[in-house]
Amino acid sequence: MFDLINFADLSMPQLEEVLSWRNHPVIRKHMRNDKEILLAEHLQFIENLKNDLSKRYFYMRENKIGVGTFSFTNIKDASAEIGIYINPFLHGKGYGTKIIDFMINYAAFELKLTALFLEVYKNNIIAIRLYEKNKFEIYDETDDMFNMKLQL
């Protein structure tokens, strides 16, 4: 069974865990900002989320073990951009699919969204396959990124 926790409600150990995942080289290399994030920056980001209704970030755990995160940003007009990353020590265990399924249901039923958008680096083949498996389609591209969309 999954537990979902808003980033604004995370304990300090959970905040530190999320930061360690975000700064892990396997995760960081696929981020637009691939620089290491300092704890003070991370805490300021979390504080800013508390008053920003255009963004929602969630931590997921299963049996009290953190498995990953997902986010909705630029929430407007029944759509949002999404982001996801998995605990880097749990890659290859099916959590990507589980988190995306949960995220899609949350978007449709809790946020009442009708479209989800994302950007993914073209060299992130595992993520692209995961998104395509979940019915995301490429609608545009740049030199290094695919833009993908899912109609809910």
# chains A, B, ... in the order shown; residues from 1 in each chain; ligands from 1
>>> closest_atom_pairs(of="stretch 97-148 of chain A", to="stretch 3-21 of chain A", cutoff="12 Å", atoms="only C-alpha atoms", output="CSV")
residue,atom,partner,partner_atom,distance
A:Ile99,CA,A:Leu4,CA,10.3
A:Phe102,CA,A:Leu4,CA,9.6
A:Met103,CA,A:Leu4,CA,10.2
A:Tyr106,CA,A:Leu4,CA,10.4
>>> residues_around(residues="A:Lys55", least_positions_apart="3", cutoff="9 Å", atoms="only C-alpha atoms", output="mmCIF file with N, CA and C atoms, in the first residue's frame")
data_model
loop_
_atom_site.group_PDB
_atom_site.id
_atom_site.type_symbol
_atom_site.label_atom_id
_atom_site.label_comp_id
_atom_site.auth_asym_id
_atom_site.auth_seq_id
_atom_site.Cartn_x
_atom_site.Cartn_y
_atom_site.Cartn_z
ATOM 1 N N LEU A 49 6.988 26.248 -1.666
ATOM 2 C CA LEU A 49 5.876 25.430 -2.157
ATOM 3 C C LEU A 49 4.594 25.645 -1.356
ATOM 4 N N ASP A 52 2.451 28.279 -3.088
ATOM 5 C CA ASP A 52 2.384 28.269 -4.547
ATOM 6 C C ASP A 52 1.385 27.213 -5.014
ATOM 7 N N SER A 71 5.654 15.176 -9.234
ATOM 8 C CA SER A 71 5.259 16.568 -9.088
ATOM 9 C C SER A 71 4.380 17.013 -10.239
ATOM 10 N N PHE A 72 3.597 18.037 -9.922
ATOM 11 C CA PHE A 72 2.809 18.755 -10.912
ATOM 12 C C PHE A 72 3.251 20.209 -10.824
ATOM 13 N N THR A 73 3.644 20.792 -11.938
ATOM 14 C CA THR A 73 4.007 22.205 -11.966
ATOM 15 C C THR A 73 3.240 22.880 -13.094
ATOM 16 N N ASN A 74 3.220 24.201 -13.047
ATOM 17 C CA ASN A 74 2.462 24.982 -14.040
ATOM 18 C C ASN A 74 1.033 24.462 -14.159
ATOM 19 N N ILE A 75 0.398 24.227 -13.010
ATOM 20 C CA ILE A 75 -0.983 23.746 -12.995
ATOM 21 C C ILE A 75 -1.885 24.898 -13.417
ATOM 22 N N ALA A 80 -1.094 20.239 -16.499
ATOM 23 C CA ALA A 80 0.093 20.459 -15.665
ATOM 24 C C ALA A 80 1.281 19.780 -16.317
#
>>> select_by_dssp(residues="chain A", states="alpha helix (DSSP H)", output="VMD selection string")
chain A and resid 12 to 23 25 to 28 39 to 49 95 to 105 125 to 133
>>> write_last_selection(atoms="N, CA and C atoms", output="short mmCIF file (atom, residue, chain, number, x, y, z; two decimals), in the first residue's frame")
data_model
loop_
_atom_site.label_atom_id
_atom_site.label_comp_id
_atom_site.auth_asym_id
_atom_site.auth_seq_id
_atom_site.Cartn_x
_atom_site.Cartn_y
_atom_site.Cartn_z
N MET A 12 12.02 16.11 8.70
CA MET A 12 13.40 16.44 8.30
C MET A 12 14.11 15.21 7.72
N PRO A 13 14.00 14.02 8.32
CA PRO A 13 14.65 12.86 7.70
C PRO A 13 14.13 12.57 6.28
N GLN A 14 12.83 12.76 6.08
CA GLN A 14 12.27 12.54 4.74
C GLN A 14 12.77 13.61 3.76
N LEU A 15 12.83 14.87 4.22
CA LEU A 15 13.38 15.93 3.37
C LEU A 15 14.81 15.64 2.97
N GLU A 16 15.59 15.16 3.91
CA GLU A 16 16.98 14.82 3.62
C GLU A 16 17.08 13.63 2.68
N GLU A 17 16.17 12.68 2.82
CA GLU A 17 16.15 11.52 1.93
C GLU A 17 15.84 11.96 0.50
N VAL A 18 14.82 12.79 0.33
CA VAL A 18 14.46 13.29 -1.00
C VAL A 18 15.63 14.06 -1.61
N LEU A 19 16.28 14.88 -0.82
CA LEU A 19 17.43 15.64 -1.31
C LEU A 19 18.56 14.70 -1.73
N SER A 20 18.79 13.65 -0.97
CA SER A 20 19.85 12.71 -1.33
C SER A 20 19.53 12.00 -2.65
N TRP A 21 18.25 11.69 -2.88
CA TRP A 21 17.86 11.09 -4.16
C TRP A 21 18.11 12.09 -5.29
N ARG A 22 17.64 13.32 -5.09
CA ARG A 22 17.76 14.37 -6.12
C ARG A 22 19.22 14.63 -6.47
N ASN A 23 20.10 14.55 -5.48
CA ASN A 23 21.52 14.80 -5.71
C ASN A 23 22.30 13.57 -6.17
N PRO A 25 23.92 10.98 -8.50
CA PRO A 25 24.33 11.16 -9.90
C PRO A 25 23.40 10.54 -10.93
N VAL A 26 22.80 9.41 -10.62
CA VAL A 26 21.88 8.75 -11.56
C VAL A 26 20.65 9.61 -11.82
N ILE A 27 20.16 10.31 -10.80
CA ILE A 27 18.99 11.18 -10.93
C ILE A 27 19.41 12.53 -11.50
N ARG A 28 20.44 13.10 -10.92
CA ARG A 28 20.86 14.46 -11.26
C ARG A 28 21.19 14.63 -12.74
N LEU A 39 21.27 21.72 1.19
CA LEU A 39 20.15 21.56 2.10
C LEU A 39 19.39 22.87 2.29
N ALA A 40 20.09 23.98 2.46
CA ALA A 40 19.42 25.27 2.66
C ALA A 40 18.57 25.63 1.45
N GLU A 41 19.07 25.37 0.25
CA GLU A 41 18.30 25.64 -0.97
C GLU A 41 17.05 24.76 -1.02
N HIS A 42 17.23 23.50 -0.67
CA HIS A 42 16.14 22.54 -0.67
C HIS A 42 15.05 22.97 0.31
N LEU A 43 15.45 23.36 1.50
CA LEU A 43 14.48 23.79 2.52
C LEU A 43 13.74 25.06 2.08
N GLN A 44 14.45 25.97 1.42
CA GLN A 44 13.80 27.19 0.91
C GLN A 44 12.80 26.84 -0.18
N PHE A 45 13.15 25.91 -1.04
CA PHE A 45 12.24 25.44 -2.09
C PHE A 45 10.96 24.88 -1.46
N ILE A 46 11.11 24.04 -0.45
CA ILE A 46 9.96 23.44 0.24
C ILE A 46 9.10 24.54 0.87
N GLU A 47 9.73 25.50 1.51
CA GLU A 47 9.00 26.61 2.12
C GLU A 47 8.20 27.38 1.07
N ASN A 48 8.79 27.63 -0.08
CA ASN A 48 8.11 28.35 -1.15
C ASN A 48 6.91 27.57 -1.70
N LEU A 49 6.99 26.25 -1.67
CA LEU A 49 5.88 25.43 -2.16
C LEU A 49 4.59 25.65 -1.36
N TYR A 95 8.81 0.40 -9.67
CA TYR A 95 8.21 1.55 -9.00
C TYR A 95 7.87 2.69 -9.96
N GLY A 96 8.58 2.81 -11.05
CA GLY A 96 8.25 3.86 -12.03
C GLY A 96 6.83 3.70 -12.52
N THR A 97 6.46 2.51 -12.91
CA THR A 97 5.10 2.24 -13.40
C THR A 97 4.07 2.47 -12.29
N LYS A 98 4.37 2.00 -11.10
CA LYS A 98 3.42 2.17 -9.98
C LYS A 98 3.22 3.65 -9.67
N ILE A 99 4.30 4.43 -9.66
CA ILE A 99 4.18 5.85 -9.34
C ILE A 99 3.45 6.59 -10.44
N ILE A 100 3.75 6.28 -11.69
CA ILE A 100 3.04 6.95 -12.79
C ILE A 100 1.55 6.62 -12.76
N ASP A 101 1.20 5.37 -12.52
CA ASP A 101 -0.22 5.00 -12.40
C ASP A 101 -0.89 5.82 -11.31
N PHE A 102 -0.25 5.89 -10.16
CA PHE A 102 -0.80 6.64 -9.04
C PHE A 102 -0.93 8.12 -9.40
N MET A 103 0.11 8.67 -10.01
CA MET A 103 0.13 10.09 -10.39
C MET A 103 -0.97 10.41 -11.39
N ILE A 104 -1.17 9.56 -12.39
CA ILE A 104 -2.22 9.79 -13.39
C ILE A 104 -3.59 9.79 -12.73
N ASN A 105 -3.84 8.84 -11.85
CA ASN A 105 -5.12 8.80 -11.15
C ASN A 105 -5.31 10.02 -10.27
N ILE A 125 16.49 6.77 -22.20
CA ILE A 125 15.69 5.75 -22.88
C ILE A 125 14.74 5.03 -21.92
N ILE A 126 15.20 4.73 -20.73
CA ILE A 126 14.35 4.01 -19.77
C ILE A 126 13.12 4.84 -19.45
N ALA A 127 13.29 6.14 -19.20
CA ALA A 127 12.15 7.00 -18.89
C ALA A 127 11.22 7.13 -20.09
N ILE A 128 11.78 7.28 -21.28
CA ILE A 128 10.95 7.40 -22.49
C ILE A 128 10.08 6.16 -22.65
N ARG A 129 10.67 4.99 -22.48
CA ARG A 129 9.90 3.74 -22.58
C ARG A 129 8.80 3.68 -21.53
N LEU A 130 9.12 4.12 -20.32
CA LEU A 130 8.14 4.13 -19.25
C LEU A 130 6.97 5.05 -19.60
N TYR A 131 7.26 6.24 -20.10
CA TYR A 131 6.20 7.17 -20.47
C TYR A 131 5.38 6.63 -21.63
N GLU A 132 6.03 6.09 -22.64
CA GLU A 132 5.30 5.55 -23.79
C GLU A 132 4.42 4.38 -23.36
N LYS A 133 4.92 3.54 -22.47
CA LYS A 133 4.14 2.42 -21.95
C LYS A 133 2.86 2.92 -21.27
#
>>> select_by_dssp(residues="chain A", states="strand (DSSP E)", output="ChimeraX atom specification")
/A:2-6,56-62,65-76,79-86,115-121,137-141,145-151
>>> closest_residue(among="A:Ala108, A:Leu150, A:Ala115, A:Met60", to="A:Ile86", atoms="only C-alpha atoms")
A:Met60
>>> residues_around(residues="A:Leu116", least_positions_apart="5", cutoff="7 Å", atoms="only C-alpha atoms", output="ChimeraX atom specification")
/A:79-82,149-151
>>> closest_residue(among="A:Met1, A:Met31, A:Ile84, A:Leu38", to="A:Met145", atoms="only C-alpha atoms")
A:Met31
>>> atom_distance(atom1="atom CA of A:Gly68", atom2="atom CA of A:Tyr85")
5.6 Å
>>> atom_distance(atom1="atom CA of A:Gly83", atom2="atom CA of A:His30")
11.0 Å
